[in-house]
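**Q** Dropping the structure in here first, questions after.
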Amino acid sequence: MPRISLNPAAAIFLALLAFGLVGPLLVYPVFLMKVMCFALFASAFNLLIGYVGLLAFGHAMFFGGAAYVTGYLLKVAGWPAEVSILAGATAAAVLGVITGLLAIGRQGIYFAMITLALAQMFFFFCVQAPFTGGENGLTAIPRGHLFGLLDLSDDVSLYYVVFAIVASGIFLIYRTIHSPFGQVLKGIRDNEPRAISLGYDVNRFKLIAFTISAFVSGLAGALKAIVLQLATLVDVSWTTSGEVVLMTLMGGIGTVVGPILGAAVIITMQNYLTGFAEWVVTIQGLVFFFTVLIFRRGIAGEAERIYRNFRLRAVSPPRSEKTGRQDAVAPRNAA
Amino acid sequence: MLDLPAPALFGQLLLGAINGAFYALLSLGLAVIFGLLHVVNFAHGAQYALGAFCAYLLLKFAGVPYWGALILSPLIVGLLGSAFERLFLRRLYDVDNIYQLLLTFSLALIIEGTLRALFGSSGFPYENPLPGGINLGFMFMPYYRAWVVAVSIVLCVATWLVIEKTKLGSYLRAATERPDLVRTFGINVPLMVTVTYGAGAALAAFAGVLAAPIYQVNPGMGANLLIIVFAVVVIGGMGSLMGSVVAGFGLGLLEGLTKLVYPTASSTVIFVVMALVLLLRPAGLAGREVH
């Protein structure tokens with residue numbers, strides 16, 4: 001019997017990619033685009049929590065900040081779409097460097113509190129700043145043309161542009177994780193004092209990872225501003241920061257496909273819950289609550305565990321207790 | 001200095017002292033919980049709002065006046081807090097402590113979302129139990145505001161005394177350092193943890209009742225306040241109770257002064273101070289970092 005040698009993570013990716021390509025034929029494209037924006041956002045967030053072990057609680061600052069910049073450039077300054085998106089993501093990266101410099105000196109919960117406080121400071125700035133439209137936000141943002149040619153007001157053309165950018169963004173995160181740089185990040189996550197003793201400038205690595213995460217979050221926010229033609233205070237509020245934590249946790253912290261699945265689940269859930277308008281926050285809170293209590297590995301984490309158990313049993317039928325050690329040497333098929 | 005009319009200056013200082021009183025009470029509760037549990041209680045703001053709502057509902061449906069609510073409401077919220085710790089939070093003590101933080105965060109979402117769904121976002125007024133005031137010559141001092149500042153100072157000092165000077169406090173401090181060793185002496189540390197979380201939640205609820213007549217009773221009242229309190233805690237240093245109380249009052253006053261001198265910066269001044277402190281003294285002003 002031929003052994004299927006395709007790594008399950010790669011299989012899931014190919015499936016997602018294939019679904020992404022035919023997606024607009026099956027599902028409402030704007031909904032799918034929203035899912036993709038949040039999938040990118042959650043992937044960027046996951047780079048920090050999953051691979052550096054930093055719980056950042058202020059990522060709305062990068063997401064919403066970029067949405068404002070892109071929205072403003074498109075609507076008021078009339079810049080082309082591709083430049084506006086890039087400018088939004090770059091602005092988020094600059095914010096990321098500043099926040100990172102202030103926050104990475106502290107660890108664990110302090111890091112969470114500092115990033116949250118800085119994001120709130122940015123929120124107050126957005127409330128008062130003249131270019132954000134205050135309580136109303138920026139509405140009816142024109143989608144513009146890509147390179148002056150492709151009309152993005154058509155949902156399907158926009159869909160493939162968003163799909164290409166999101167796929168590249170997730171690939172960037174994937175490459176970061178699987179590079180020597182990413183190995184150092186994981187080393188820092190698992191044992192920071194040891195990484196320091198080996199001569200790594202830990203704070204520099206953390207700052208670079210933080211900036212990449214901010215940049216990609218910004219990319220997601222910029223796309224979201226174009227897709228929904230909207231940039232509001234909700235995008236920079238702490239609830240958005242909490243939402244991205246929930247998506248990542250639900251999908252599986254420290255897995256590459258997890259955040260994508262998590263974003264899809266949460267956005268779909270929000271879509272179905274619109275009928276219960278005022279109870280959405282409570283329901284989302286309850287889902288969050290029980291995910292933390294009993295489903296901490298998330299969808300991808302649980303799937304990986306089940307798959308590994310299953311394969312162990314299939315590969316080595318009844319053997320003695322020593323098979324238990326198989327687990328330790330089995331290659332980690334971290335998706 | 002700047003040419004400011006005295007009544008305006010003292011008025012803003014009083015407002016600053018009131019805000020400072022709330023910052024101090026809330027950061028004190030956070031520090032008490034953090035000291036023993038090593039959990040940052042993200043639900044603290046929601047428990048503060050819950051305290052205010054309890055007072056409002058007690059008055060509306062049971063006719064319990066303000067002074068009764070000041071006792072009952074913290075008791076109710078404290079019991080709910082203890083139950084939450086005993087039933088749920090306790091299950092997470094042996095995993096990474098970010099999960100405890102996330103659980104309290106999700107509790108905050110549940111409480112705030114439910115309050116919003118039941119009572120709407122607009123909020124309700126709560127009648128001032130101490131109307132009137134006294135003219136001090138340089139400013140007008142409403143009785144209720146004087147009461148708020150006074151009672152919060154008393155409460156902060158009392159909490160500090162309990163923790164630093166009593167036998168119970170010494171158990172608490174010992175359990176912070178070595179819970180395993182304290183248990184071998186036959187002291188029920190898990191019970192102490194439950195009571196401490198309840199006490200922290202009760203402090204938040206007490207602050208909520210105090211706040212009800214000044215601000216409106218509304219579901220969002222805690223969330224924004226809590227984030228400012230986080231900044232206060234980062235500035236003061238979580239390791240020290242006195243540090244968080246002093247930082248609370250000090251930053252409240254600073255905020256009041258900023259409102260007078262440069263109003264647009266008043267909502268961000270505390271965060272700016274936080275950024276400066278992080279650059280100059282990363283461990284906070286009181287300077288002891290607990291991991």
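Here, A, B, ... name the chains of the structure tokens in the order displayed, residue numbers run from 1 inside each chain, and ligands are numbered from 1 in the same displayed order.
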Within 8 Å of chain A, which residues of chain B show up when using only C-alpha atoms, listed as a ChimeraX atom specification?
**A** /B:40,88,91-92,98-99,101-103,106-114,116-117,227-228,230-231,234,264,267-268,271,275,278-279,282-283
**Q** Write the residues you've just listed into a file as an mmCIF file, in the first residue's frame, and include C-alpha atoms for each of them.
**A**
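Writing the result to out-v9.cif gives the following:
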data_model
loop_
_atom_site.group_PDB
_atom_site.id
_atom_site.type_symbol
_atom_site.label_atom_id
_atom_site.label_comp_id
_atom_site.auth_asym_id
_atom_site.auth_seq_id
_atom_site.Cartn_x
_atom_site.Cartn_y
_atom_site.Cartn_z
ATOM 1 C CA VAL B 40 -3.777 40.309 36.866
ATOM 2 C CA PHE B 88 -13.006 28.219 37.645
ATOM 3 C CA ARG B 91 -8.328 25.070 37.653
ATOM 4 C CA LEU B 92 -5.743 27.165 35.823
ATOM 5 C CA ILE B 98 -1.525 34.066 30.674
ATOM 6 C CA TYR B 99 -4.529 31.729 30.763
ATOM 7 C CA LEU B 101 -5.395 36.550 32.751
ATOM 8 C CA LEU B 102 -7.448 35.515 29.715
ATOM 9 C CA LEU B 103 -10.066 33.876 31.933
ATOM 10 C CA SER B 106 -13.447 36.757 29.386
ATOM 11 C CA LEU B 107 -15.291 37.181 32.698
ATOM 12 C CA ALA B 108 -15.074 40.934 32.154
ATOM 13 C CA LEU B 109 -16.631 40.519 28.685
ATOM 14 C CA ILE B 110 -19.437 38.393 30.127
ATOM 15 C CA ILE B 111 -20.250 40.815 32.953
ATOM 16 C CA GLU B 112 -20.049 43.935 30.823
ATOM 17 C CA GLY B 113 -21.920 42.406 27.911
ATOM 18 C CA THR B 114 -24.699 41.162 30.166
ATOM 19 C CA ARG B 116 -25.211 46.241 28.572
ATOM 20 C CA ALA B 117 -27.780 43.787 27.215
ATOM 21 C CA ILE B 227 -6.911 50.519 31.598
ATOM 22 C CA ILE B 228 -5.914 53.786 33.267
ATOM 23 C CA PHE B 230 -3.149 49.420 34.640
ATOM 24 C CA ALA B 231 -0.995 52.384 33.655
ATOM 25 C CA VAL B 234 2.858 49.988 35.884
ATOM 26 C CA THR B 264 -6.545 68.042 25.228
ATOM 27 C CA SER B 267 -6.867 61.835 28.862
ATOM 28 C CA THR B 268 -3.373 60.802 27.792
ATOM 29 C CA PHE B 271 0.001 57.113 29.638
ATOM 30 C CA ALA B 275 6.025 55.715 28.880
ATOM 31 C CA LEU B 278 9.257 52.717 31.441
ATOM 32 C CA LEU B 279 12.143 54.441 29.709
ATOM 33 C CA PRO B 282 11.610 50.066 33.875
ATOM 34 C CA ALA B 283 10.652 48.373 37.147
#
**Q** Among segment 21-265 of chain B, which ones does DSSP place in helix (DSSP H, G or I), written as a PyMOL selection string?
**A** chain B and resi 21-37+44-62+66-87+89-92+98-119+143-165+167-177+179-184+189-211+221-236+241-261+263-265
**Q** Pick out the residues sitting within 10 Å of Ile253 of chain A, and hand them over as a list in words; count only C-alpha atoms, and ignore anything fewer than 3 positions along from it in its own chain.
**A**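 Contacts, with the query itself left out: Ala42, Ser43, Phe45, Asn46, Leu47, Leu48, Ile49, Gly50, Tyr51, Gly53, Val245, Leu246, Met247, Thr248, Leu249, Met250, Val256, Val257, Gly258, Pro259, Gly262, Arg296, Arg297, Gly298, Ile299, Ala300 and Gly301 of chain A.
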**Q** For atom CA of Ala18 of chain A and atom CA of Ala167 of chain A, determine how far apart the two atoms are, in Å to one decimal place.
**A**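 If I compute the distance from atom CA of Ala18 of chain A to atom CA of Ala167 of chain A, I get 11.8 Å.
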**Q** For Leu59 of chain B, list every protein, DNA or RNA residue within 12 Å, evaluated using only C-alpha atoms, and leave out those in the same chain fewer than 3 positions away; present the list as a PDB file with N, CA, C and O atoms, in the first residue's frame.
**A**
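The resulting out.pdb:
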ATOM      1  N   ALA B  52     -21.545  49.040  41.330  1.00  0.00           N
ATOM      2  CA  ALA B  52     -22.426  50.190  41.143  1.00  0.00           C
ATOM      3  C   ALA B  52     -23.832  49.737  40.764  1.00  0.00           C
ATOM      4  O   ALA B  52     -24.830  50.261  41.277  1.00  0.00           O
ATOM      5  N   PHE B  53     -23.923  48.734  39.879  1.00  0.00           N
ATOM      6  CA  PHE B  53     -25.243  48.243  39.474  1.00  0.00           C
ATOM      7  C   PHE B  53     -25.975  47.595  40.635  1.00  0.00           C
ATOM      8  O   PHE B  53     -27.195  47.738  40.771  1.00  0.00           O
ATOM      9  N   CYS B  54     -25.222  46.861  41.467  1.00  0.00           N
ATOM     10  CA  CYS B  54     -25.826  46.257  42.654  1.00  0.00           C
ATOM     11  C   CYS B  54     -26.475  47.329  43.511  1.00  0.00           C
ATOM     12  O   CYS B  54     -27.619  47.182  43.962  1.00  0.00           O
ATOM     13  N   ALA B  55     -25.740  48.415  43.739  1.00  0.00           N
ATOM     14  CA  ALA B  55     -26.269  49.506  44.561  1.00  0.00           C
ATOM     15  C   ALA B  55     -27.538  50.069  43.925  1.00  0.00           C
ATOM     16  O   ALA B  55     -28.553  50.293  44.602  1.00  0.00           O
ATOM     17  N   TYR B  56     -27.496  50.258  42.616  1.00  0.00           N
ATOM     18  CA  TYR B  56     -28.639  50.814  41.899  1.00  0.00           C
ATOM     19  C   TYR B  56     -29.859  49.887  42.016  1.00  0.00           C
ATOM     20  O   TYR B  56     -30.973  50.331  42.322  1.00  0.00           O
ATOM     21  N   ALA B  62     -35.266  46.877  46.249  1.00  0.00           N
ATOM     22  CA  ALA B  62     -35.378  46.489  47.653  1.00  0.00           C
ATOM     23  C   ALA B  62     -35.415  47.712  48.565  1.00  0.00           C
ATOM     24  O   ALA B  62     -35.564  47.576  49.776  1.00  0.00           O
ATOM     25  N   GLY B  63     -35.280  48.882  47.969  1.00  0.00           N
ATOM     26  CA  GLY B  63     -35.331  50.090  48.782  1.00  0.00           C
ATOM     27  C   GLY B  63     -34.147  50.256  49.722  1.00  0.00           C
ATOM     28  O   GLY B  63     -34.213  51.003  50.691  1.00  0.00           O
ATOM     29  N   VAL B  64     -33.060  49.527  49.437  1.00  0.00           N
ATOM     30  CA  VAL B  64     -31.880  49.655  50.298  1.00  0.00           C
ATOM     31  C   VAL B  64     -31.191  50.984  49.999  1.00  0.00           C
ATOM     32  O   VAL B  64     -30.854  51.258  48.855  1.00  0.00           O
ATOM     33  N   PRO B  65     -31.006  51.836  51.006  1.00  0.00           N
ATOM     34  CA  PRO B  65     -30.380  53.134  50.748  1.00  0.00           C
ATOM     35  C   PRO B  65     -28.884  52.990  50.495  1.00  0.00           C
ATOM     36  O   PRO B  65     -28.309  51.914  50.663  1.00  0.00           O
ATOM     37  N   TYR B  66     -28.288  54.120  50.113  1.00  0.00           N
ATOM     38  CA  TYR B  66     -26.866  54.150  49.782  1.00  0.00           C
ATOM     39  C   TYR B  66     -26.006  53.493  50.850  1.00  0.00           C
ATOM     40  O   TYR B  66     -25.144  52.677  50.550  1.00  0.00           O
ATOM     41  N   TRP B  67     -26.244  53.844  52.113  1.00  0.00           N
ATOM     42  CA  TRP B  67     -25.348  53.367  53.177  1.00  0.00           C
ATOM     43  C   TRP B  67     -25.447  51.846  53.345  1.00  0.00           C
ATOM     44  O   TRP B  67     -24.442  51.204  53.665  1.00  0.00           O
ATOM     45  N   GLY B  68     -26.635  51.311  53.126  1.00  0.00           N
ATOM     46  CA  GLY B  68     -26.774  49.861  53.161  1.00  0.00           C
ATOM     47  C   GLY B  68     -26.064  49.216  51.989  1.00  0.00           C
ATOM     48  O   GLY B  68     -25.377  48.199  52.134  1.00  0.00           O
ATOM     49  N   ALA B  69     -26.221  49.839  50.821  1.00  0.00           N
ATOM     50  CA  ALA B  69     -25.603  49.295  49.616  1.00  0.00           C
ATOM     51  C   ALA B  69     -24.087  49.304  49.730  1.00  0.00           C
ATOM     52  O   ALA B  69     -23.403  48.427  49.205  1.00  0.00           O
ATOM     53  N   LEU B  70     -23.570  50.291  50.452  1.00  0.00           N
ATOM     54  CA  LEU B  70     -22.120  50.403  50.606  1.00  0.00           C
ATOM     55  C   LEU B  70     -21.547  49.168  51.306  1.00  0.00           C
ATOM     56  O   LEU B  70     -20.389  48.812  51.111  1.00  0.00           O
ATOM     57  N   LEU B  72     -23.651  46.038  51.549  1.00  0.00           N
ATOM     58  CA  LEU B  72     -24.210  44.850  50.887  1.00  0.00           C
ATOM     59  C   LEU B  72     -23.581  44.572  49.524  1.00  0.00           C
ATOM     60  O   LEU B  72     -23.266  43.430  49.199  1.00  0.00           O
ATOM     61  N   SER B  73     -23.423  45.624  48.748  1.00  0.00           N
ATOM     62  CA  SER B  73     -22.967  45.437  47.376  1.00  0.00           C
ATOM     63  C   SER B  73     -21.561  44.811  47.308  1.00  0.00           C
ATOM     64  O   SER B  73     -21.356  43.839  46.579  1.00  0.00           O
ATOM     65  N   PRO B 125     -28.831  57.682  36.591  1.00  0.00           N
ATOM     66  CA  PRO B 125     -28.319  58.525  37.676  1.00  0.00           C
ATOM     67  C   PRO B 125     -28.565  57.843  39.025  1.00  0.00           C
ATOM     68  O   PRO B 125     -29.469  57.015  39.157  1.00  0.00           O
ATOM     69  N   TYR B 126     -27.739  58.153  40.010  1.00  0.00           N
ATOM     70  CA  TYR B 126     -27.927  57.615  41.360  1.00  0.00           C
ATOM     71  C   TYR B 126     -27.927  58.824  42.278  1.00  0.00           C
ATOM     72  O   TYR B 126     -27.019  59.658  42.219  1.00  0.00           O
ATOM     73  N   GLU B 127     -28.945  58.896  43.130  1.00  0.00           N
ATOM     74  CA  GLU B 127     -29.112  60.117  43.920  1.00  0.00           C
ATOM     75  C   GLU B 127     -27.983  60.299  44.931  1.00  0.00           C
ATOM     76  O   GLU B 127     -27.551  59.351  45.593  1.00  0.00           O
ATOM     77  N   PRO B 129     -26.380  60.882  48.220  1.00  0.00           N
ATOM     78  CA  PRO B 129     -26.862  60.712  49.593  1.00  0.00           C
ATOM     79  C   PRO B 129     -26.442  61.854  50.520  1.00  0.00           C
ATOM     80  O   PRO B 129     -26.973  61.980  51.619  1.00  0.00           O
ATOM     81  N   VAL B 209     -19.691  51.512  44.183  1.00  0.00           N
ATOM     82  CA  VAL B 209     -20.790  52.168  44.905  1.00  0.00           C
ATOM     83  C   VAL B 209     -20.429  53.612  45.192  1.00  0.00           C
ATOM     84  O   VAL B 209     -21.251  54.519  45.040  1.00  0.00           O
ATOM     85  N   ALA B 212     -21.024  55.665  42.123  1.00  0.00           N
ATOM     86  CA  ALA B 212     -22.373  55.761  41.556  1.00  0.00           C
ATOM     87  C   ALA B 212     -22.965  57.174  41.615  1.00  0.00           C
ATOM     88  O   ALA B 212     -23.482  57.660  40.611  1.00  0.00           O
TER      89      ALA B 212
END
**Q** Could you tell me, as a ChimeraX atom specification, which residues of segment 135-275 of chain B DSSP assigns to strand (DSSP E or B) when given the backbone?
**A** /B:135,140-142,217
**Q** Hey, can you spit out that residue selection with N, CA and C atoms as an mmCIF file, in the first residue's frame?
**A**
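And here's result-v7.cif as it stands now:
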data_model
loop_
_atom_site.group_PDB
_atom_site.id
_atom_site.type_symbol
_atom_site.label_atom_id
_atom_site.label_comp_id
_atom_site.auth_asym_id
_atom_site.auth_seq_id
_atom_site.Cartn_x
_atom_site.Cartn_y
_atom_site.Cartn_z
ATOM 1 N N ASN B 135 -18.632 76.130 52.017
ATOM 2 C CA ASN B 135 -17.746 77.068 51.347
ATOM 3 C C ASN B 135 -16.484 77.250 52.193
ATOM 4 N N PHE B 140 -15.575 75.824 46.863
ATOM 5 C CA PHE B 140 -16.771 75.191 47.397
ATOM 6 C C PHE B 140 -16.527 73.686 47.474
ATOM 7 N N MET B 141 -16.749 73.109 48.661
ATOM 8 C CA MET B 141 -16.469 71.682 48.836
ATOM 9 C C MET B 141 -17.758 70.908 49.045
ATOM 10 N N PRO B 142 -18.230 70.149 48.022
ATOM 11 C CA PRO B 142 -19.438 69.344 48.235
ATOM 12 C C PRO B 142 -19.142 68.250 49.263
ATOM 13 N N VAL B 217 -24.332 55.400 36.724
ATOM 14 C CA VAL B 217 -24.177 53.953 36.778
ATOM 15 C C VAL B 217 -24.340 53.441 35.354
#
**Q** How many Å separate atom CA of Trp79 of chain A from atom CA of Phe63 of chain A?
**A**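 Separating atom CA of Trp79 of chain A from atom CA of Phe63 of chain A is a distance of 19.7 Å.
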**Q** Which is closest to Ser240 of chain B among B:Pro190, B:Gly35, B:Gly200, B:Pro74, if we use only C-alpha atoms?
**A**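 Using only C-alpha atoms, the shortest distance to Ser240 of chain B belongs to B:Gly35.
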**Q** I'd like the contact shell of Ser84 of chain A - 12 Å cut-off, only C-alpha atoms, skipping same-chain residues fewer than 2 positions apart - returned as a VMD selection string.
**A** chain A and resid 66 to 82 86 to 91 141 to 147 218 to 219 221 to 223 225 to 226
**Q** The selected residues should be written to file as a tab-separated table (two decimals), in the first residue's frame (atoms: N, CA and C atoms).
**A**
chain	number	residue	atom	x	y	z
A	66	ALA	N	-3.66	51.41	10.99
A	66	ALA	CA	-3.44	51.26	9.56
A	66	ALA	C	-4.75	51.47	8.79
A	67	ALA	N	-5.88	51.01	9.38
A	67	ALA	CA	-7.17	51.21	8.70
A	67	ALA	C	-7.44	52.70	8.53
A	68	TYR	N	-7.15	53.49	9.58
A	68	TYR	CA	-7.34	54.94	9.48
A	68	TYR	C	-6.44	55.56	8.42
A	69	VAL	N	-5.16	55.19	8.45
A	69	VAL	CA	-4.21	55.80	7.50
A	69	VAL	C	-4.63	55.47	6.07
A	70	THR	N	-4.89	54.20	5.81
A	70	THR	CA	-5.27	53.79	4.46
A	70	THR	C	-6.58	54.46	4.04
A	71	GLY	N	-7.54	54.45	4.96
A	71	GLY	CA	-8.83	55.07	4.65
A	71	GLY	C	-8.69	56.54	4.34
A	72	TYR	N	-7.88	57.23	5.14
A	72	TYR	CA	-7.70	58.67	4.94
A	72	TYR	C	-7.03	58.95	3.60
A	73	LEU	N	-5.98	58.17	3.30
A	73	LEU	CA	-5.25	58.41	2.06
A	73	LEU	C	-6.13	58.15	0.84
A	74	LEU	N	-6.97	57.14	0.92
A	74	LEU	CA	-7.85	56.84	-0.21
A	74	LEU	C	-8.97	57.86	-0.35
A	75	LYS	N	-9.55	58.21	0.80
A	75	LYS	CA	-10.76	59.03	0.75
A	75	LYS	C	-10.43	60.51	0.59
A	76	VAL	N	-9.51	61.02	1.41
A	76	VAL	CA	-9.27	62.45	1.41
A	76	VAL	C	-8.12	62.84	0.48
A	77	ALA	N	-7.02	62.08	0.56
A	77	ALA	CA	-5.86	62.46	-0.25
A	77	ALA	C	-5.94	61.90	-1.67
A	78	GLY	N	-6.81	60.90	-1.87
A	78	GLY	CA	-6.98	60.35	-3.21
A	78	GLY	C	-5.78	59.58	-3.74
A	79	TRP	N	-5.02	58.96	-2.85
A	79	TRP	CA	-3.86	58.18	-3.30
A	79	TRP	C	-4.32	56.87	-3.93
A	80	PRO	N	-3.46	56.26	-4.75
A	80	PRO	CA	-3.82	54.95	-5.31
A	80	PRO	C	-3.88	53.88	-4.22
A	81	ALA	N	-4.64	52.81	-4.49
A	81	ALA	CA	-4.90	51.79	-3.48
A	81	ALA	C	-3.62	51.14	-2.97
A	82	GLU	N	-2.73	50.73	-3.91
A	82	GLU	CA	-1.55	49.96	-3.47
A	82	GLU	C	-0.65	50.80	-2.57
A	86	LEU	N	0.17	50.12	1.51
A	86	LEU	CA	1.54	50.04	1.98
A	86	LEU	C	1.82	51.10	3.04
A	87	ALA	N	1.27	52.30	2.83
A	87	ALA	CA	1.48	53.38	3.80
A	87	ALA	C	0.83	53.02	5.13
A	88	GLY	N	-0.37	52.41	5.08
A	88	GLY	CA	-1.03	52.01	6.31
A	88	GLY	C	-0.21	51.00	7.08
A	89	ALA	N	0.29	49.98	6.37
A	89	ALA	CA	1.07	48.94	7.03
A	89	ALA	C	2.38	49.51	7.58
A	90	THR	N	2.98	50.44	6.84
A	90	THR	CA	4.22	51.05	7.30
A	90	THR	C	3.98	51.88	8.57
A	91	ALA	N	2.87	52.62	8.57
A	91	ALA	CA	2.54	53.40	9.76
A	91	ALA	C	2.41	52.47	10.97
A	141	ILE	N	-15.34	54.73	2.31
A	141	ILE	CA	-13.99	54.87	1.76
A	141	ILE	C	-14.01	54.29	0.34
A	142	PRO	N	-13.55	55.07	-0.65
A	142	PRO	CA	-13.54	54.53	-2.02
A	142	PRO	C	-12.47	53.44	-2.13
A	143	ARG	N	-12.76	52.40	-2.89
A	143	ARG	CA	-11.80	51.30	-2.99
A	143	ARG	C	-10.67	51.61	-3.98
A	144	GLY	N	-10.92	52.48	-4.91
A	144	GLY	CA	-9.88	52.91	-5.84
A	144	GLY	C	-9.51	51.84	-6.87
A	145	HIS	N	-8.39	52.10	-7.55
A	145	HIS	CA	-7.91	51.20	-8.58
A	145	HIS	C	-6.53	50.70	-8.20
A	146	LEU	N	-6.27	49.42	-8.51
A	146	LEU	CA	-4.94	48.87	-8.25
A	146	LEU	C	-4.04	49.20	-9.43
A	147	PHE	N	-2.90	49.83	-9.16
A	147	PHE	CA	-1.95	50.27	-10.19
A	147	PHE	C	-2.67	51.09	-11.26
A	218	GLY	N	-1.00	45.63	10.52
A	218	GLY	CA	-1.36	46.83	9.79
A	218	GLY	C	-1.86	46.50	8.39
A	219	LEU	N	-1.18	45.57	7.75
A	219	LEU	CA	-1.60	45.13	6.41
A	219	LEU	C	-3.05	44.63	6.47
A	221	GLY	N	-5.32	45.44	8.72
A	221	GLY	CA	-6.22	46.56	8.97
A	221	GLY	C	-6.45	47.39	7.72
A	222	ALA	N	-5.38	47.60	6.94
A	222	ALA	CA	-5.50	48.38	5.71
A	222	ALA	C	-6.46	47.70	4.74
A	223	LEU	N	-6.32	46.38	4.61
A	223	LEU	CA	-7.21	45.64	3.70
A	223	LEU	C	-8.65	45.72	4.19
A	225	ALA	N	-10.03	48.09	5.82
A	225	ALA	CA	-10.60	49.42	5.52
A	225	ALA	C	-11.11	49.46	4.09
A	226	ILE	N	-10.39	48.79	3.18
A	226	ILE	CA	-10.82	48.80	1.77
A	226	ILE	C	-12.01	47.88	1.55
**Q** Using only C-alpha atoms, which of the listed residues (B:Phe84, B:Gly137, B:Ile71, B:Ala31) sits closest to Gly243 of chain B?
**A**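 For Gly243 of chain B, the nearest of the given residues is B:Ala31.
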